[in-house]
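A.B. asks: What follows is a structure written as structure tokens; I'll ask about it next.
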Amino acid sequence: MPAGTLVLPTGEMSGVADFRPLEPKSRPAGLSDRWTVPGVCTFLAVATWLVFGQTLRFEFVNFDDGTQVYEVPQIENGLTPKGILWAFTHHHYGHWIPLNTISHMLDSQLYGLKAGGHHLTNVLLHAATAILLFLVLRRMTGMLWRSAFVAAVFAVHPLRVESVAWVAERKDVLSGFFFLLTLWAYVRYVQNQSRIKGRGSGESTTARAITSRTRALDYGLTLLFFACGLMSKLMVATLPFVLLFLDYWPLNRFAQPAPGEAGGGKSRWLVPKHLILEKIPMLGIILMAGLGILFTRPESGMTAGPPPRLLQTGRALLTPLAYLWQMVYPVGLSVSPPSPAMVPPVWEATLGTILLAAIFAAFLLWRRTRPYLLVGWSWYLVMLAPVLVLIGKGMELRCDRYTYLPQIGLYLLLTWVAADLCAGWRHRRVVLGSCATIILVALIFCARVQTSYWRNSESLWTHTLACTSDNAIAHNNLGDALLKKGSVDEAITHYQKALQIKPDYAAAHINLGNTLLQKGNVDEAITHYQKALQISPDDAAAHYNLGNALLQKRNVDEAITHYQKALQIRPDHAAAHINLGNALIKKGSVDEAITHYQLALQIKPDYAEVHINLGNALLKKGSVDEAIVHYQKALQIKPDSAKAQNNLAWVLATALQASLRNGHQAVELAQQANQLAGGENPIILRTLAAAYAEAGRFPEAVATAQRALQLAETQSNPALADALRSQMKLYQAGFPFHLH
């Protein structure tokens with residue numbers, strides 16, 4: 001046995017017809033490839049659009065879309081050099097996937113935060129991946145229609161819905177695209193090697209040099225695309241093993257000699273050393289991706305520890321079989337199914353293990369005549385292995401998205417075996433064509449229905465609860481969706497159900513606290529925030545919301561402490577900077593407040609509320625000019641902001657410097673603000689009265705001030721009432737009110 005050679009149960013390859021299809025096989029007369037190949041590609045694009053085109057009308061969902069896309073300031077700001085650097089220097093939940101993050105930044109640059117544009121990118125990437133799958137399989141095997149069917153099933157299977165319809169799962173479709181590009185470059189590399197051997201001395205030196213350079217370029221592209229795939233999703237790390245499987249079949253490289261060696265076909269039970277060495281650079285790239293996690297800053301992380309080893313192992317053994325059943329019978333699919341808390345029964349785990357072993361043994365026996373069985377099954381299990389290992393470490397037991405690339409191996413296996421079993425049938429084309437059509441139509445219909453559940457958060461989680469039981473995540477997220485539409489009591493019910501199922505669910509405690517705070521139950525809200533922090537002490541959201549509740553109770557110092565802790569955990573939490581600034585204003589620390597408002601603007605430059613608060617703080621310091629600038633910026637961002645209109649109108653009506661006052665503009669702004677407020681806000685009416693006075697319209701100023709005074713007294717606001725009485729005397733005497 002040569003040194004460095006790995007033994008694999010590959011078997012003999014004799015008797016396998018057309019086992020080296022490095023060039024497309026001849027096929028019966030009919031449409032030429034000139035028309036058939038583009039036709040298949042067009043069909044794949046159309047089929048993908050039929051299923052997923054509807055997502056362009058869908059919203060974001062409240063399942064990681066916020067924390068990974070539209071609530072991330074660096075992504076909201078679009079594609080910027082600073083954002084790109086951030087993508088490469090941060091990791092999220094243990095995943096260093098900078099290209100995935102950059103793709104979301106590009107979407108924000110092109111579409112803003114319109115969900116339809118982000119969905120479009122997912123659909124286009126998935127369609128491109130399906131087309132690449134067809135082209136690569138055809139190039140490797142020479143089988144056009146088999147390759148087309150595998151790609152079509154991949155494109156429209158209902159198990160693909162979670163990966164495509166979910167914006168935050170962009171990592172699947174992006175890594176899948178680079179996965180197939182890697183296979184494409186690798187097959188070109190292998191074929192160019194075969195051309196060099198085939199032409200031998202009969203080829204000119206120049207032609208051989210060109211072919212060698214092309215082969216080197218293809219190998220370089222293989223490594224580049226693989227690196228891009230890893231920077232999109234680390235699950236692509238199993239790709240070197242997939243390439244070894246493809247080396248066995250259909251590329252038939254196990255029977256070929258290494259470059260520079262004579263002979264061949266003597267090491268069919270072995271993985272030739274040169275094939276292993278060829279993959280070593282890929283292992284180096286995997287190592288670099290691992291270092292990317294170690295040496296970058298965590299944006300967030302998992303807090304749940306791993307379960308007992310027995311529980312993890314039992315689940316892992318049964319999961320591949322569960323996915324097999326879902327592939328054949330894709331009914332009742334749902335996002336984030338709950339993980340069973342109990343260890344699977346011994347008999348169930350044992351039976352599952354025996355079945356998996358029996359399948360592998362059968363495919364091993366048939367390796368000589370049907371090598372695609374072993375290759376397809378190995379592709380499936382090896383690509384699924386990373387998520388099987390991680391089951392229980394904060395990940396759901398089974399998720400449709402985990403099958404995105406692994407199940408290609410099963411589609412290939414089943415398609416080839418079906419075609420070979422029917423090879424002797426007289427009317428096999430009609431039978432297989434009819435069956436393929438029925439299967440694809442059924443899959444398209446089921447996938448369209450499954451996709452429709454993703455139109456918004458409420459429909460997604462309502463469907464999930466209809467398909468699952470004891471699903472704490474679904475109850476919590478449905479509660480969040482109901483809260484946003486104003487159904488507060490229904491939301492509370494779902495949060496409480498989530499906590500009944502999972503009492504240590506920190507997010508549900510936070511959400512229930514937010515709802516109770518909205519209803520005015522501040523003490524109960526504080527209790528739930530504190531429980532959340534007992535479960536997850538480093539939860540920035542819990543600290544932030546507890547700070548809000550404490551601020552409502554006028555516990556300013558405690559509120560400041562929790563805002564600061566939130567910012568220690570998540571320095572780019574713009575809202576925490578704003579509310580910390582608000583708390584500091586209450587303490588009279590205006591300069592510190594201004595600093596935090598400015599930090600918030602660095603994170604979210606288009607945050608109108610920050611410009612308003614910063615303007616207020618600058619006004620307290622007497623920097624009237626700067627305050628006006630920030631009020632104007634707030635109105636540029638949000639023209640219908642009644643608060644910004646009111647504050648700017650107040651300054652224009654009451655500024656001490658005559659050069660800054662503009663009564664007519666103040667009246668216009670105050671009237672707009674009053675209209676937006678429904679004419680029932682005494683503060684805005686006070687501003688409108690001051691504006692009328694500055695414009696010389698004193699009767700209107702007096703009448704407006706009287707209305708504001710009535711509302712202030714009704715709302716038990718004595719300080720505002722006293723100020724209005726004082727200002728009204730000036731208006732009655734024919735004088736405007738100016739700040740001193």
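Residues in the structure tokens are numbered from 1 in each chain, the chains being A, B, ... in the order shown, and ligands are numbered from 1 in the order shown.
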Quick one: residues within 12 Å of stretch 455-457 of chain A, only C-alpha atoms counted, chain neighbours fewer than 4 positions away excluded, as a VMD selection string?
C.D. replies: chain A and resid 52 to 66 115 to 116 119 161 165 to 167 335 448 to 451 461 to 464 474 to 485
A.B. asks: List as a count of residues only the protein and nucleic acid residues near stretch 614-627 of chain A, meaning an atom at most 9 Å away when only C-alpha atoms are counted, but skip any in the same chain fewer than 5 places from it.
C.D. replies: 15
A.B. asks: Name the closest residue to A:Pro386 among the candidates A:Pro38, A:Pro73, A:Gly734, A:Pro406; distances are taken between atoms, counting only C-alpha atoms.
C.D. replies: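 The answer is A:Pro406, which sits nearest to A:Pro386.
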A.B. asks: Find, counting only C-alpha atoms, the residue in A:Leu159, A:Leu321, A:Leu223, A:Leu79 that gets nearest to A:Thr403.
C.D. replies: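 Nearest to A:Thr403: A:Leu159.
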A.B. asks: Fewer than 4 positions away in the same chain doesn't count, so skip those; otherwise give me all residues within 9 Å of stretch 517-531 of chain A, counting only C-alpha atoms, as a PyMOL selection string.
C.D. replies: chain A and resi 488+504+506+508-513+535-536+542-543+545-546+549-550+552-553
A.B. asks: Just C-alpha atoms for this one: save the residues we selected as a compact mmCIF listing (two decimals), in the first residue's frame.
C.D. replies:
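The resulting file, selection_18.txt, is reproduced below:
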# COMPACT_ATOMS: atom_id res chain seq x y z
CA VAL A 488 -52.22 43.21 23.21
CA ASP A 504 -36.57 29.53 31.19
CA ALA A 506 -35.64 34.60 28.28
CA ALA A 508 -40.62 35.33 26.14
CA HIS A 509 -40.01 36.97 29.54
CA ILE A 510 -38.72 40.09 27.76
CA ASN A 511 -41.64 40.22 25.34
CA LEU A 512 -44.19 39.68 28.09
CA GLY A 513 -42.47 42.43 30.08
CA ILE A 535 -31.64 33.17 32.77
CA SER A 536 -29.41 35.18 30.43
CA ALA A 542 -33.28 42.59 28.80
CA HIS A 543 -31.00 45.27 30.24
CA ASN A 545 -35.98 47.16 28.50
CA LEU A 546 -35.42 47.00 32.24
CA ALA A 549 -39.19 50.37 32.95
CA LEU A 550 -37.01 51.82 35.70
CA GLN A 552 -40.78 55.17 33.95
CA LYS A 553 -40.62 54.64 37.72
A.B. asks: For the atom pair atom CA of A:Asp606 and atom CA of A:Leu124, what is the interatomic distance in Å to one decimal place?
C.D. replies: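 Distance between the two atoms: 29.7 Å.
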A.B. asks: Please determine, counting only C-alpha atoms, which residue among A:Ser212, A:Thr48, A:Thr654, A:Gln706 has the shortest atom-to-atom distance to A:Gln193.
C.D. replies: A:Ser212
A.B. asks: Do you know which residues are at most 8 Å from A:Ala151 counting only C-alpha atoms, after dropping those on the same chain fewer than 6 positions away, and could you put them as a list in words?
C.D. replies: Leu44, Ala130, Ile131, Leu133 and Phe134 of chain A
A.B. asks: Could you write those residues out with N, CA and C atoms, as a CSV table (one decimal), in the first residue's frame?
C.D. replies:
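File produced: again-v6.csv:
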chain,number,residue,atom,x,y,z
A,44,LEU,N,-36.2,25.6,-15.4
A,44,LEU,CA,-35.8,25.6,-14.0
A,44,LEU,C,-36.0,27.0,-13.4
A,130,ALA,N,-30.0,26.1,-8.9
A,130,ALA,CA,-30.6,25.0,-9.6
A,130,ALA,C,-30.1,24.8,-11.0
A,131,ILE,N,-29.9,25.9,-11.7
A,131,ILE,CA,-29.4,25.8,-13.1
A,131,ILE,C,-28.0,25.3,-13.1
A,133,LEU,N,-26.6,23.4,-10.9
A,133,LEU,CA,-26.7,22.0,-10.6
A,133,LEU,C,-27.0,21.1,-11.8
A,134,PHE,N,-27.9,21.6,-12.6
A,134,PHE,CA,-28.2,20.9,-13.9
A,134,PHE,C,-27.0,20.8,-14.8
A.B. asks: Of the candidates A:Ile473, A:Cys41, A:Val150, A:Leu291, which one gets nearest to A:Trp416 if we count only C-alpha atoms?
C.D. replies: A:Val150
